[in-house]
>>> print(open('upload16.txt').read())   # compact mmCIF, C-alpha atoms
# COMPACT_ATOMS: atom_id res chain seq x y z
CA MET A 1 0.00 0.00 0.00
CA ASN A 2 2.88 2.32 0.75
CA ASP A 3 4.14 2.00 -2.84
CA MET A 4 0.68 2.83 -4.16
CA ASN A 5 0.62 6.06 -2.13
CA ARG A 6 3.99 7.07 -3.52
CA ILE A 7 2.90 6.36 -7.06
CA LEU A 8 -0.32 8.29 -6.53
CA ARG A 9 1.50 11.27 -4.99
CA PHE A 10 4.07 11.29 -7.77
CA SER A 11 1.34 11.12 -10.43
CA VAL A 12 -0.55 14.03 -8.85
CA LEU A 13 2.65 16.07 -8.60
CA LEU A 14 3.60 15.29 -12.21
CA PHE A 15 0.09 16.25 -13.39
CA ALA A 16 0.22 19.54 -11.42
CA VAL A 17 3.61 20.50 -12.86
CA ALA A 18 2.53 19.60 -16.40
CA PHE A 19 -0.67 21.61 -15.96
CA MET A 20 1.16 24.70 -14.62
CA MET A 21 3.92 24.85 -17.26
CA PRO A 22 1.73 26.02 -20.16
CA ALA A 23 0.31 28.77 -17.93
CA LYS A 24 3.84 30.02 -17.14
CA ALA A 25 4.86 29.86 -20.81
CA GLN A 26 1.73 31.81 -21.72
CA LYS A 27 2.50 34.43 -19.02
CA ASP A 28 6.11 34.78 -20.32
CA SER A 29 4.76 35.18 -23.85
CA ILE A 30 2.36 37.91 -22.70
CA ASP A 31 5.18 39.66 -20.80
CA ASN A 32 7.41 39.58 -23.89
CA GLU A 33 4.66 41.23 -25.93
CA LYS A 34 5.04 44.38 -23.81
CA TYR A 35 8.70 44.99 -24.65
CA PRO A 36 10.73 46.21 -27.59
CA VAL A 37 13.51 43.96 -28.91
CA ILE A 38 16.66 45.43 -30.49
CA THR A 39 17.96 43.17 -33.27
CA PHE A 40 21.27 44.07 -34.94
CA GLU A 41 22.39 43.00 -38.41
CA LYS A 42 25.83 42.55 -36.83
CA THR A 43 27.32 43.34 -33.43
CA THR A 44 31.01 43.36 -34.40
CA HIS A 45 32.82 45.45 -36.99
CA ASP A 46 36.40 44.69 -37.98
CA PHE A 47 38.21 47.64 -39.57
CA GLY A 48 40.98 45.27 -40.57
CA LEU A 49 44.44 46.69 -41.16
CA PHE A 50 44.72 50.49 -41.46
CA ASP A 51 47.56 52.99 -41.21
CA ARG A 52 48.02 55.92 -38.85
CA ALA A 53 47.26 58.39 -41.68
CA HIS A 54 43.78 56.81 -41.81
CA GLY A 55 43.53 56.21 -38.07
CA ASP A 56 40.11 57.82 -37.76
CA GLN A 57 37.58 55.14 -38.69
CA VAL A 58 33.77 55.12 -38.76
CA CYS A 59 31.24 52.31 -38.94
CA TRP A 60 27.48 51.91 -38.59
CA PHE A 61 25.51 49.26 -36.73
CA LYS A 62 22.04 48.88 -38.27
CA PHE A 63 19.27 47.57 -36.02
CA THR A 64 15.52 46.92 -36.11
CA ASN A 65 12.96 47.03 -33.32
CA THR A 66 11.52 43.52 -33.64
CA GLY A 67 9.46 43.86 -30.47
CA ASN A 68 5.96 45.13 -29.84
CA SER A 69 6.50 48.52 -28.22
CA GLU A 70 8.63 51.63 -28.72
CA LEU A 71 12.37 51.12 -28.38
CA LEU A 72 14.42 53.71 -26.51
CA ILE A 73 18.20 53.72 -26.36
CA ILE A 74 18.86 55.40 -23.03
CA SER A 75 22.64 55.58 -23.28
CA ALA A 76 25.65 54.31 -25.21
CA ASN A 77 29.08 54.22 -23.58
CA SER A 78 32.42 53.00 -24.83
CA THR A 79 35.41 51.54 -23.03
CA CYS A 80 37.65 54.38 -24.23
CA GLY A 81 37.35 58.08 -25.00
CA CYS A 82 38.75 57.37 -28.48
CA THR A 83 35.52 55.55 -29.38
CA VAL A 84 32.39 57.69 -29.70
CA PRO A 85 28.94 56.17 -30.29
CA GLU A 86 26.10 58.30 -31.69
CA TYR A 87 22.62 56.83 -31.28
CA PRO A 88 19.05 57.89 -32.02
CA LYS A 89 17.52 59.89 -29.17
CA THR A 90 13.92 59.36 -30.29
CA ALA A 91 11.73 56.27 -29.96
CA ILE A 92 12.00 53.59 -32.63
CA LEU A 93 8.57 52.12 -33.37
CA PRO A 94 8.03 48.36 -33.77
CA GLY A 95 9.24 47.24 -37.18
CA GLN A 96 11.31 50.39 -37.75
CA SER A 97 15.07 50.41 -38.29
CA ASP A 98 17.81 52.88 -37.47
CA SER A 99 21.55 52.78 -36.86
CA ILE A 100 24.26 53.63 -34.39
CA LYS A 101 27.34 55.43 -35.69
CA VAL A 102 30.63 54.55 -34.01
CA SER A 103 33.68 56.74 -34.59
CA TYR A 104 37.15 55.56 -33.63
CA ASN A 105 39.83 58.26 -33.30
CA GLY A 106 42.98 56.23 -33.73
CA SER A 107 45.21 58.86 -35.29
CA THR A 108 46.53 59.87 -31.85
CA LYS A 109 46.84 56.30 -30.52
CA ARG A 110 49.72 53.87 -30.58
CA VAL A 111 49.97 51.40 -33.43
CA GLY A 112 48.79 47.88 -32.76
CA LYS A 113 45.65 45.82 -32.42
CA MET A 114 42.60 47.29 -30.74
CA LYS A 115 39.22 46.02 -29.61
CA LYS A 116 36.64 48.36 -28.11
CA THR A 117 33.25 47.69 -26.55
CA ILE A 118 30.17 49.90 -26.76
CA ALA A 119 27.57 49.21 -24.06
CA LEU A 120 23.97 50.17 -24.80
CA ASN A 121 21.31 50.69 -22.17
CA THR A 122 17.78 50.28 -23.57
CA ASN A 123 14.19 49.84 -22.40
CA CYS A 124 14.14 46.22 -23.67
CA LYS A 125 13.37 43.35 -21.28
CA ILE A 126 17.08 42.51 -21.48
CA ASN A 127 18.17 46.13 -21.22
CA SER A 128 21.88 45.80 -22.11
CA ALA A 129 23.32 45.20 -25.56
CA TYR A 130 26.96 45.25 -26.64
CA LEU A 131 28.69 46.25 -29.85
CA TYR A 132 32.34 45.68 -30.68
CA ILE A 133 34.88 47.26 -33.00
CA MET A 134 38.32 45.93 -33.72
CA GLY A 135 41.22 46.40 -36.07
CA GLU A 136 44.94 46.84 -36.32
CA MET A 137 46.63 50.18 -36.90
CA VAL A 138 50.13 50.18 -38.36
CA GLU A 139 52.50 53.07 -38.97
CA GLU A 140 52.36 52.53 -42.74
CA LEU A 141 50.60 49.99 -44.89
CA VAL A 142 53.00 47.73 -46.73
CA ALA A 143 51.45 45.91 -49.68
CA ASP A 144 52.76 42.45 -48.70
CA ARG A 145 51.21 42.73 -45.18
CA ILE A 146 47.69 43.28 -46.46
CA LYS A 147 45.54 40.15 -46.50
CA PRO A 148 42.76 39.99 -49.12
CA GLU A 149 40.05 40.41 -46.44
CA ASP A 150 41.68 43.65 -45.23
CA LYS A 151 41.39 45.35 -48.64
CA LYS A 152 38.37 47.60 -48.80
>>> encode(input="upload16.txt", output="structure tokens")
Amino acid sequence: MNDMNRILRFSVLLFAVAFMMPAKAQKDSIDNEKYPVITFEKTTHDFGLFDRAHGDQVCWFKFTNTGNSELLIISANSTCGCTVPEYPKTAILPGQSDSIKVSYNGSTKRVGKMKKTIALNTNCKINSAYLYIMGEMVEELVADRIKPEDKK
């Protein structure tokens, strides 16, 4: 009889958990419908190899609000003063796209490889997003050092 009680209790518990899971999934789905979602075409840009004379580089990160409410970018900060993000200050409606401009002022920096992070604070459910730029600045470009993927 003791085994029957255990089996019965386990069955009731299993049924209760199975019954509650769809309700939680439905609640999560409803919660997600309230938020914007920022979706980037890419989150990393590689400038490749560039020389000091062309040390100032610019790239754009295109994104779309794939959520169901207005997207606000509250702030954008970089890991270094040489990297300056410019972002839209107005709301991006669901389905609309825009872009973030990132300028890298490398002409006053030392030669070598660099990787910078741009941290975005948004009103999305997951409110942080990260963008990355990288590249290698050399004193002068020498034709035999340039790899085919670095030619632009």
>>> residues_around(input="upload16.txt", residues="Lys115 (chain A)", least_positions_apart="6", cutoff="12 Å", atoms="only C-alpha atoms", output="list of chain:residue names")
A:Thr44, A:His45, A:Asp46, A:Phe47, A:Gly48, A:Ser78, A:Thr79, A:Cys80, A:Cys82, A:Thr83, A:Tyr104, A:Gly106, A:Leu131, A:Tyr132, A:Ile133, A:Met134, A:Gly135, A:Glu136, A:Met137
>>> atom_distance(input="upload16.txt", atom1="CA of Thr43 (chain A)", atom2="CA of Thr90 (chain A)")
21.1 Å
>>> closest_residue(input="upload16.txt", among="A:Asn68, A:Ala129, A:Met114, A:Lys89", to="Lys42 (chain A)", atoms="all atoms listed in the file")
A:Ala129
>>> closest_residue(input="upload16.txt", among="A:Leu120, A:Ile74, A:Val58, A:Ile126", to="Lys101 (chain A)", atoms="all atoms listed in the file")
A:Val58
>>> atom_distance(input="upload16.txt", atom1="CA of Pro36 (chain A)", atom2="CA of Ser69 (chain A)")
4.9 Å
>>> residues_near_point(input="upload16.txt", point="(19.7, 50.8, -35.3)", cutoff="7 Å", atoms="all atoms listed in the file", output="list in words")
Phe40, Phe61, Lys62, Phe63, Thr64, Ser97, Asp98, Ser99 and Ile100 of chain A
>>> atom_distance(input="upload16.txt", atom1="CA of Val37 (chain A)", atom2="CA of Leu72 (chain A)")
10.1 Å
>>> closest_residue(input="upload16.txt", among="A:Lys116, A:Lys125, A:Thr108, A:Gly67", to="Val84 (chain A)", atoms="all atoms listed in the file")
A:Lys116
>>> residues_around(input="upload16.txt", residues="Phe50 (chain A)", least_positions_apart="2", cutoff="10 Å", atoms="all atoms listed in the file", output="list in words")
Phe47, Gly48, Arg52, Ala53, His54, Gly55, Asp56, Gln57, Gly106, Val111, Gly112, Gly135, Glu136, Met137, Val138, Glu139, Glu140, Leu141, Ile146, Asp150 and Lys151 of chain A
>>> closest_residue(input="upload16.txt", among="A:Ala76, A:Cys59, A:Ile118, A:Ile38", to="Ser103 (chain A)", atoms="only C-alpha atoms")
A:Cys59
>>> axis_aligned_box(input="upload16.txt", around="region 113-129 of chain A", padding_each_side="8 Å", output="lines of an AutoDock Vina configuration file")
center_x = 29.5
center_y = 46.6
center_z = -26.8
size_x = 48.3
size_y = 24.2
size_z = 27.2
